[in-house]
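Engineer: The structure follows.
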Amino acid sequence: MIPAVVPCTDRALWDDHVDRFQGHPQQLWGWGETKAMHGWTVDRVLINEAGTTIGCAQLLVRRLPLPFRALVYIPRGPMCAPEKAQAVLNRLAEHASVRHRGVALSIEPDWDQDSVFAGAVAAAGFRPSANTVLIPRTLILDLTRSDDELMADMSKSTRANIRKAMRSDVEFRKVKNDAELEQVLSIYHETAERAGFGIHEDQYYRDIFRNMGDGSPIIGAFDGEQLLAFVWLARSGSTAFELYGGVSAEGQKQRVNYGVKWAALQAMREDGCRRYDFNGLLNDGISDFKKQFAKHENMLMGTWEKPLSPLYPAYAQAMPLARRGLQTGRRVLKAAAGRVRPLLQRLRPGN
């Protein structure tokens with residue numbers, strides 16, 4: 001029996017399925033709602049076989065210039081059991097082609113590089129891609145371990161900075177309201193300028209805070225009413241995933257960024273999460289800070305794409321250039337589309 005693709009339009013039912021399959025927080029309903037407010041179309045589907053749901057995925061669809069039509073992307077998904085992975089991927093690719101007329105289905109699974117899922121992804125016709133959105137090299141902590149076990153893997157100076165911060169008068173707690181959120185955004189701007197990385201417009205972060213609710217807690221370090229540092233997370237039933245973080249100049253001076261990271265780990269464990277993903281490691285100062293919290297690294301599968309159109313080679317060539325910037329990307333994709341159109345005209349019957 002060929003598995004059926006069934007749309008899901010009920011938030012509670014969808015999030016229940018994400019937790020049932022131990023899915024990633026970027027597969028939660030609220031994350032999709034935010035992406036839908038910022039340029040994507042969202043399609044949530046269950047894969048059913050003989051009356052049982054064997055997998056699910058939240059697909060994000062981005063319209064592209066003709067004739068490419070659309071890119072279909074699954075962040076940290078799909079979700080399924082290993083033995084059902086190939087069947088689920090095959091049905092999702094067919095759905096992306098027929099329903100959305102995608103030029104490709106791009107996936108970035110929350111699966112280890114050497115996991116049993118790897119063979120199923122290749123067998124379903126996917127190929128590795130350089131069009132990475134989420135960094136596969138990361139650091140994932142096992143939150144079922146004790147405090148002593150977690151600290152044993154940290155550097156000596158990190159343990160000392162955590163203990164000093166936790167003995168201070170600084171209060172570590174969740175951000176409660178919109179006024180405190182504005183402090184978060186102010187520090188994030190300050191951090192981005194200091195570290196030299198780009199950020200979204202403020203409304204994007206406000207939308208995450210509203211749409212995700214309890215699924216996106218922000219752990220802050222407060223000196224009275226003044227925020228000094230924060231760690232912003234997304235969390236599902238099993239996994240906590242760092243979205244953003246920042247520290248003020250005063251917070252850096254007091255080294256409360258160590259304490260707020262530790263407070264975030266503990267808060268997520270108290271919420272029932274078993275995995276804590278630091279969200280990517282690069283060769284930069286932020287990653288050097290992250291690596292002080294463990295002796296190991298993790299490598300996820302990375303980005304894989306399945307071509308869904310004869311135009312995929314042209315798209316694959318244009319996309320790396322397009323990712324350098326939104327305006328530049330639109331020009332690159334339109335230029336590639338312009339080169340393809342005359343070929344399509346010549347291939348039409350009667351020409």
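Ligands are numbered from 1 in the order shown, residues from 1 within each chain, and chains are lettered A, B, ... in the order they appear in the structure tokens.
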Quick one: contact table of range 91-167 of chain A to range 29-52 of chain A, 10 Å max, nearest atom pair and distance in Å to one decimal per residue, counting only C-alpha atoms, chain and number order, as a Markdown table?

Structural biologist:
```
| residue | atom | partner | partner_atom | distance |
| --- | --- | --- | --- | --- |
| A:Arg91 | CA | A:Ile47 | CA | 7.7 |
| A:Leu92 | CA | A:Ile47 | CA | 8.3 |
| A:His95 | CA | A:Val45 | CA | 9.5 |
| A:Ala96 | CA | A:Asp43 | CA | 9.7 |
| A:Arg99 | CA | A:Asp43 | CA | 9.8 |
| A:His100 | CA | A:Asp43 | CA | 9.6 |
```

Engineer: Can you spit out the residues from that selection as a compact mmCIF listing (two decimals), in the first residue's frame, using N, CA, C and O atoms?

Structural biologist:
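Final output, saved to result-v7.txt:
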```
# COMPACT_ATOMS: atom_id res chain seq x y z
N ARG A 91 7.34 9.92 -0.60
CA ARG A 91 6.01 10.53 -0.68
C ARG A 91 6.10 12.05 -0.54
O ARG A 91 5.37 12.78 -1.20
N LEU A 92 7.00 12.53 0.31
CA LEU A 92 7.16 13.97 0.46
C LEU A 92 7.69 14.60 -0.83
O LEU A 92 7.26 15.69 -1.22
N HIS A 95 4.87 14.75 -3.27
CA HIS A 95 3.95 15.81 -2.87
C HIS A 95 4.51 17.20 -3.22
O HIS A 95 3.79 18.06 -3.74
N ALA A 96 5.80 17.40 -2.97
CA ALA A 96 6.43 18.69 -3.29
C ALA A 96 6.40 18.96 -4.78
O ALA A 96 6.25 20.11 -5.21
N ARG A 99 2.11 19.02 -5.71
CA ARG A 99 1.34 20.06 -5.03
C ARG A 99 1.96 21.45 -5.21
O ARG A 99 1.24 22.44 -5.40
N HIS A 100 3.29 21.51 -5.16
CA HIS A 100 3.94 22.82 -5.15
C HIS A 100 4.79 23.08 -6.40
O HIS A 100 5.33 24.18 -6.53
```

Engineer: Sorted by chain and rising residue number, list the residues of range 208-279 of chain A at most 6 Å from range 159-167 of chain A (counting only C-alpha atoms), each with its closest atom pair and distance in Å to one decimal, as a tab-separated table.

Structural biologist:
```
residue	atom	partner	partner_atom	distance
A:Val256	CA	A:Ala165	CA	5.6
A:Tyr258	CA	A:Ile162	CA	5.3
A:Gly259	CA	A:Ile162	CA	4.8
```

Engineer: Would you export the selected residues with N, CA, C and O atoms as a PDB file, in the first residue's frame, please?

Structural biologist:
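Saved the output as again_8.pdb:
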```pdb
ATOM      1  N   VAL A 256      28.310  37.356  32.971  1.00  0.00           N
ATOM      2  CA  VAL A 256      27.029  36.688  33.209  1.00  0.00           C
ATOM      3  C   VAL A 256      26.591  35.861  32.004  1.00  0.00           C
ATOM      4  O   VAL A 256      25.647  35.066  32.114  1.00  0.00           O
ATOM      5  N   TYR A 258      28.125  33.406  30.903  1.00  0.00           N
ATOM      6  CA  TYR A 258      28.349  32.012  31.314  1.00  0.00           C
ATOM      7  C   TYR A 258      27.190  31.544  32.195  1.00  0.00           C
ATOM      8  O   TYR A 258      26.676  30.428  32.025  1.00  0.00           O
ATOM      9  N   GLY A 259      26.795  32.384  33.115  1.00  0.00           N
ATOM     10  CA  GLY A 259      25.707  32.010  34.009  1.00  0.00           C
ATOM     11  C   GLY A 259      24.388  31.833  33.283  1.00  0.00           C
ATOM     12  O   GLY A 259      23.621  30.910  33.585  1.00  0.00           O
TER      13      GLY A 259
END
```

Engineer: Among range 70-304 of chain A, which residues does DSSP mark as alpha helix (DSSP H) when it is run on the backbone? Keep the chain and numbering as in the structure and answer as a VMD selection string.

Structural biologist: chain A and resid 85 to 100 117 to 123 147 to 152 156 to 167 178 to 195 202 to 212 249 to 254 256 to 270 285 to 290

Engineer: Work out how far apart CA of Lys306 in chain A and CA of Ala93 in chain A are and give it in Å to one decimal.

Structural biologist: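 Answer for the CA of Lys306 in chain A to CA of Ala93 in chain A separation: 7.3 Å.
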
Engineer: Range 192-243 of chain A near range 18-27 of chain A within 12 Å: what's each residue's closest atom pair and its distance in Å to one decimal, counting only C-alpha atoms, ordered by chain then ascending residue number, as a Markdown table?

Structural biologist:
```
| residue | atom | partner | partner_atom | distance |
| --- | --- | --- | --- | --- |
| A:Ile208 | CA | A:Gln26 | CA | 11.1 |
| A:Met212 | CA | A:Pro25 | CA | 9.5 |
| A:Asp214 | CA | A:Pro25 | CA | 11.3 |
| A:Gly215 | CA | A:Pro25 | CA | 7.5 |
| A:Ser216 | CA | A:Pro25 | CA | 8.6 |
| A:Pro217 | CA | A:Pro25 | CA | 11.7 |
| A:Leu233 | CA | A:Pro25 | CA | 9.2 |
| A:Ala234 | CA | A:Pro25 | CA | 5.7 |
| A:Arg235 | CA | A:Pro25 | CA | 5.0 |
| A:Ser236 | CA | A:Pro25 | CA | 4.7 |
| A:Gly237 | CA | A:Asp19 | CA | 5.2 |
| A:Ser238 | CA | A:Gln22 | CA | 5.6 |
| A:Thr239 | CA | A:His24 | CA | 6.1 |
| A:Ala240 | CA | A:Pro25 | CA | 7.3 |
| A:Phe241 | CA | A:Pro25 | CA | 7.1 |
| A:Glu242 | CA | A:Pro25 | CA | 10.1 |
| A:Leu243 | CA | A:Gln26 | CA | 10.1 |
```

Engineer: Run DSSP on the backbone and grab whatever in range 31-106 of chain A lands in strand (DSSP E); send it over as a ChimeraX atom specification.

Structural biologist: /A:41-49,52-63,70-75,79-80,102-106

Engineer: With only C-alpha atoms as the counted atoms, please give the residues lying no more than 8 Å from Tyr312 in chain A, apart from itself and same-chain residues fewer than 4 positions off, as JSON, numbers by chain.

Structural biologist: {"A": [103, 104, 307, 308, 316]}

Engineer: With only C-alpha atoms as the basis for distance, which of A:Lys253, A:Arg137, A:Lys291, A:Arg11 is at the shortest distance from Ser155 in chain A?

Structural biologist: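 Of all the options, A:Lys291 lies closest to Ser155 in chain A.
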
Engineer: So that I can check the surroundings of Thr144 in chain A, please list as a ChimeraX atom specification every protein, DNA and RNA residue that reaches within 9 Å of it, counting only C-alpha atoms and ignoring chain neighbours fewer than 3 positions away.

Structural biologist: /A:141,269,273-275

Engineer: Figure out the distance between CA of Ile140 in chain A and CA of Asp178 in chain A, please, to one decimal in Å.

Structural biologist: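 Separation between CA of Asp178 in chain A and CA of Ile140 in chain A: 29.9 Å.
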
Engineer: Suppose you want the space between CA of Met299 in chain A and CA of Met154 in chain A; what is it in Å?

Structural biologist: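 Distance between the two atoms: 19.3 Å.
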
Engineer: For range 181-191 of chain A, list every protein, DNA or RNA residue within 6 Å, evaluated using only C-alpha atoms, and leave out those in the same chain fewer than 4 positions away; present the list as a VMD selection string.

Structural biologist: chain A and resid 195 246 248

Engineer: How about saving the chosen residues, N, CA and C atoms kept, as a PDB file, in the first residue's frame?

Structural biologist:
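New file result04.pdb:
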```pdb
ATOM      1  N   ALA A 195      29.923  41.857  17.237  1.00  0.00           N
ATOM      2  CA  ALA A 195      30.459  40.628  16.651  1.00  0.00           C
ATOM      3  C   ALA A 195      30.463  40.635  15.130  1.00  0.00           C
ATOM      4  N   GLY A 246      22.806  37.040  23.394  1.00  0.00           N
ATOM      5  CA  GLY A 246      23.465  38.333  23.428  1.00  0.00           C
ATOM      6  C   GLY A 246      23.836  38.725  24.840  1.00  0.00           C
ATOM      7  N   SER A 248      25.255  42.402  27.070  1.00  0.00           N
ATOM      8  CA  SER A 248      25.619  43.818  27.063  1.00  0.00           C
ATOM      9  C   SER A 248      27.084  43.963  27.479  1.00  0.00           C
TER      10      SER A 248
END
```

Engineer: For each of A:Ser168, A:Asn279, A:Thr303, A:Ser157, take the minimum atom-to-atom distance to Trp232 in chain A, counting only C-alpha atoms, then give the residue where this is smallest.

Structural biologist: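 Under the stated criterion, the closest residue is A:Asn279.
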